[in-house]
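So this block is upload.pdb, PDB, C-alpha atoms:
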```pdb
ATOM      1  CA  MET W  30      24.702  27.571   2.411
ATOM      2  CA  SER W  31      21.733  29.689   1.495
ATOM      3  CA  ALA W  32      20.067  31.831   4.148
ATOM      4  CA  VAL W  33      16.906  29.961   3.113
ATOM      5  CA  THR W  34      18.494  26.674   4.200
ATOM      6  CA  LEU W  35      19.368  28.238   7.532
ATOM      7  CA  ALA W  36      15.752  29.403   7.885
ATOM      8  CA  GLU W  37      14.553  25.849   7.276
ATOM      9  CA  LEU W  38      16.964  24.560   9.921
ATOM     10  CA  ALA W  39      15.790  27.276  12.355
ATOM     11  CA  ALA W  40      12.193  26.100  11.940
ATOM     12  CA  GLY W  41      13.146  22.463  12.513
ATOM     13  CA  PRO W  42      13.156  22.377  16.324
ATOM     14  CA  HIS W  43       9.725  24.010  16.387
ATOM     15  CA  ALA W  44       8.232  21.417  14.051
ATOM     16  CA  VAL W  45       8.479  18.522  16.511
ATOM     17  CA  VAL W  46       7.116  17.712  19.956
ATOM     18  CA  GLU W  47       9.578  15.011  21.053
ATOM     19  CA  PRO W  48      12.228  16.669  23.284
ATOM     20  CA  SER W  49      15.119  14.493  22.079
ATOM     21  CA  GLU W  50      14.335  15.210  18.430
ATOM     22  CA  ARG W  51      13.945  18.911  19.171
ATOM     23  CA  ALA W  52      17.365  18.888  20.860
ATOM     24  CA  ARG W  53      18.921  17.055  17.899
ATOM     25  CA  ARG W  54      17.522  19.585  15.467
ATOM     26  CA  GLN W  55      18.640  22.491  17.646
ATOM     27  CA  GLU W  56      22.158  21.057  17.713
ATOM     28  CA  GLN W  57      22.107  20.687  13.919
ATOM     29  CA  LEU W  58      21.066  24.342  13.588
ATOM     30  CA  GLN W  59      23.809  25.497  15.933
ATOM     31  CA  ARG W  60      26.459  23.507  14.034
ATOM     32  CA  ALA W  61      25.324  25.028  10.734
ATOM     33  CA  GLU W  62      25.353  28.546  12.214
ATOM     34  CA  ALA W  63      28.877  28.024  13.549
ATOM     35  CA  THR W  64      30.186  26.468  10.326
ATOM     36  CA  PHE W  65      28.677  28.503   7.497
ATOM     37  CA  ASP W  66      28.352  32.151   6.530
ATOM     38  CA  PRO W  67      24.999  31.976   4.726
ATOM     39  CA  LEU W  68      24.575  33.480   1.279
ATOM     40  CA  PRO W  69      21.789  36.091   1.381
ATOM     41  CA  VAL W  70      18.694  36.260  -0.764
ATOM     42  CA  ASP W  71      19.467  39.452  -2.648
ATOM     43  CA  VAL W  72      18.676  41.045  -6.011
ATOM     44  CA  ASN W  73      20.962  38.596  -7.824
ATOM     45  CA  VAL W  74      19.145  35.645  -6.257
ATOM     46  CA  ALA W  75      15.808  37.241  -7.172
ATOM     47  CA  ARG W  76      16.907  37.499 -10.796
ATOM     48  CA  ALA W  77      18.216  33.924 -10.789
ATOM     49  CA  TYR W  78      14.892  32.793  -9.312
ATOM     50  CA  GLY W  79      13.197  34.016 -12.468
ATOM     51  CA  ARG W  80      15.411  31.704 -14.537
ATOM     52  CA  VAL W  81      14.830  28.791 -12.150
ATOM     53  CA  TYR W  82      11.077  29.404 -12.214
ATOM     54  CA  ALA W  83      11.056  29.437 -16.024
ATOM     55  CA  HIS W  84      12.914  26.107 -16.193
ATOM     56  CA  VAL W  85      10.477  24.477 -13.778
ATOM     57  CA  VAL W  86       7.444  25.726 -15.700
ATOM     58  CA  ALA W  87       8.979  24.638 -19.024
ATOM     59  CA  ALA W  88       9.412  21.151 -17.545
ATOM     60  CA  GLY W  89       5.697  21.035 -16.714
ATOM     61  CA  ARG W  90       6.111  21.254 -12.949
ATOM     62  CA  LYS W  91       4.521  23.685 -10.528
ATOM     63  CA  PRO W  92       6.932  26.060  -8.772
ATOM     64  CA  ARG W  93       4.660  26.757  -5.791
ATOM     65  CA  GLY W  94       4.125  25.894  -2.162
ATOM     66  CA  ARG W  95       6.923  24.287  -0.166
ATOM     67  CA  ARG W  96       8.840  23.830  -3.411
ATOM     68  CA  THR W  97       9.351  27.595  -3.499
ATOM     69  CA  LEU W  98      11.938  27.372  -0.711
ATOM     70  CA  ASP W  99      13.873  24.684  -2.576
ATOM     71  CA  LEU W 100      13.828  26.799  -5.724
ATOM     72  CA  LEU W 101      15.117  29.825  -3.792
ATOM     73  CA  ILE W 102      17.984  27.661  -2.570
ATOM     74  CA  ALA W 103      18.657  26.626  -6.185
ATOM     75  CA  ALA W 104      18.525  30.287  -7.245
ATOM     76  CA  THR W 105      21.058  31.141  -4.532
ATOM     77  CA  ALA W 106      23.453  28.533  -5.927
ATOM     78  CA  LEU W 107      22.872  29.775  -9.480
ATOM     79  CA  ALA W 108      23.457  33.429  -8.527
ATOM     80  CA  ALA W 109      26.665  32.521  -6.678
ATOM     81  CA  GLY W 110      27.915  30.312  -9.504
ATOM     82  CA  LEU W 111      28.032  27.322  -7.170
ATOM     83  CA  PRO W 112      26.773  23.748  -7.515
ATOM     84  CA  LEU W 113      23.576  22.826  -5.687
ATOM     85  CA  TYR W 114      24.280  20.108  -3.125
ATOM     86  CA  THR W 115      21.172  18.162  -2.182
ATOM     87  CA  ARG W 116      19.971  14.876  -0.756
ATOM     88  CA  ASN W 117      17.052  14.999  -3.187
ATOM     89  CA  ALA W 118      18.686  15.428  -6.593
ATOM     90  CA  ALA W 119      15.592  14.080  -8.369
ATOM     91  CA  ASP W 120      13.637  17.078  -7.041
ATOM     92  CA  PHE W 121      15.856  19.333  -9.137
ATOM     93  CA  SER W 122      16.140  17.251 -12.311
ATOM     94  CA  GLU W 123      14.553  19.937 -14.478
ATOM     95  CA  LEU W 124      17.358  22.344 -13.470
ATOM     96  CA  ALA W 125      20.231  20.087 -14.603
ATOM     97  CA  GLY W 126      20.888  22.213 -17.707
ATOM     98  CA  LEU W 127      20.849  25.406 -15.670
ATOM     99  CA  LEU W 128      23.180  24.575 -12.794
ATOM    100  CA  GLU W 129      25.221  21.670 -11.499
ATOM    101  CA  ILE W 130      23.258  19.381  -9.183
ATOM    102  CA  VAL W 131      25.373  17.302  -6.786
ATOM    103  CA  ALA W 132      23.708  14.437  -4.921
ATOM    104  CA  ILE W 133      25.058  13.974  -1.381
TER     105      ILE W 133
END
```
Give the structure from the file, written as structure tokens.
Amino acid sequence: MSAVTLAELAAGPHAVVEPSERARRQEQLQRAEATFDPLPVDVNVARAYGRVYAHVVAAGRKPRGRRTLDLLIAATALAAGLPLYTRNAADFSELAGLLEIVAI
């Protein structure tokens, strides 16, 4: 798990008003924290991000906004030599030649 994924999970409880949903998201965060030792965003991830960025631009897509977090997660997987597990495989289609995308 990327530290970026953990950051997204940490923001989750604060993004909702409904107490039961906030509690569910908090529980999900706590399970992830207890289960995974997150991979940091380091110099290797920064270098891999350049490659990811180039692939996205070459595919005619914009690597900006909220998508930046997803691309940092992809760069983390690339730098670690790991597959990228995602529920939104289509969002990463332009990276298929760069790293393994696994739909879950």
Give as JSON, numbers by chain the residues that the PyMOL selection byres ((chain W and resi 122) around 12) matches when applied to the coordinates above. {"W": [81, 84, 85, 88, 89, 90, 100, 103, 113, 115, 117, 118, 119, 120, 121, 123, 124, 125, 126, 127, 128, 129, 130, 131, 132]}
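CA of Pro42 (chain W) lies 5.3 Å from CA of Arg54 (chain W).
CA of Leu98 (chain W) lies 10.6 Å from CA of Tyr78 (chain W).
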Surrounding residues of Gln57 (chain W) excluding itself and chain neighbours under 3 positions, 12 Å, all atoms listed in the file, as a PyMOL selection string: chain W and resi 34-35+37-42+50-54+60-64
Check what the PyMOL selection byres ((chain W and resi 67) around 7) selects in the file above and give those residues as an NGL selection string. :W and (30-32 or 65-66 or 68-69)
Residues picked by the PyMOL selection byres ((chain W and resi 75) around 12) here, as an MDAnalysis selection string? chainID W and resid 69:74 76:82 100:109
Please report the interatomic distance between CA of Val33 (chain W) and CA of Thr97 (chain W) in Å with one decimal.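 CA of Thr97 (chain W) lies 10.3 Å from CA of Val33 (chain W).
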Between W:Lys91, W:Gln55, W:Ile133, W:Glu47, which residue has the minimum interatomic distance to Arg116 (chain W), considering only C-alpha atoms? W:Ile133
Could you give me the axis-aligned bounding box of region 101-112 of chain W, with 6 Å of padding per side, as centre plus edge lengths in Å to one decimal, as lines of an AutoDock Vina configuration file?
```
center_x = 21.6
center_y = 28.6
center_z = -6.0
size_x = 24.9
size_y = 21.7
size_z = 18.9
```
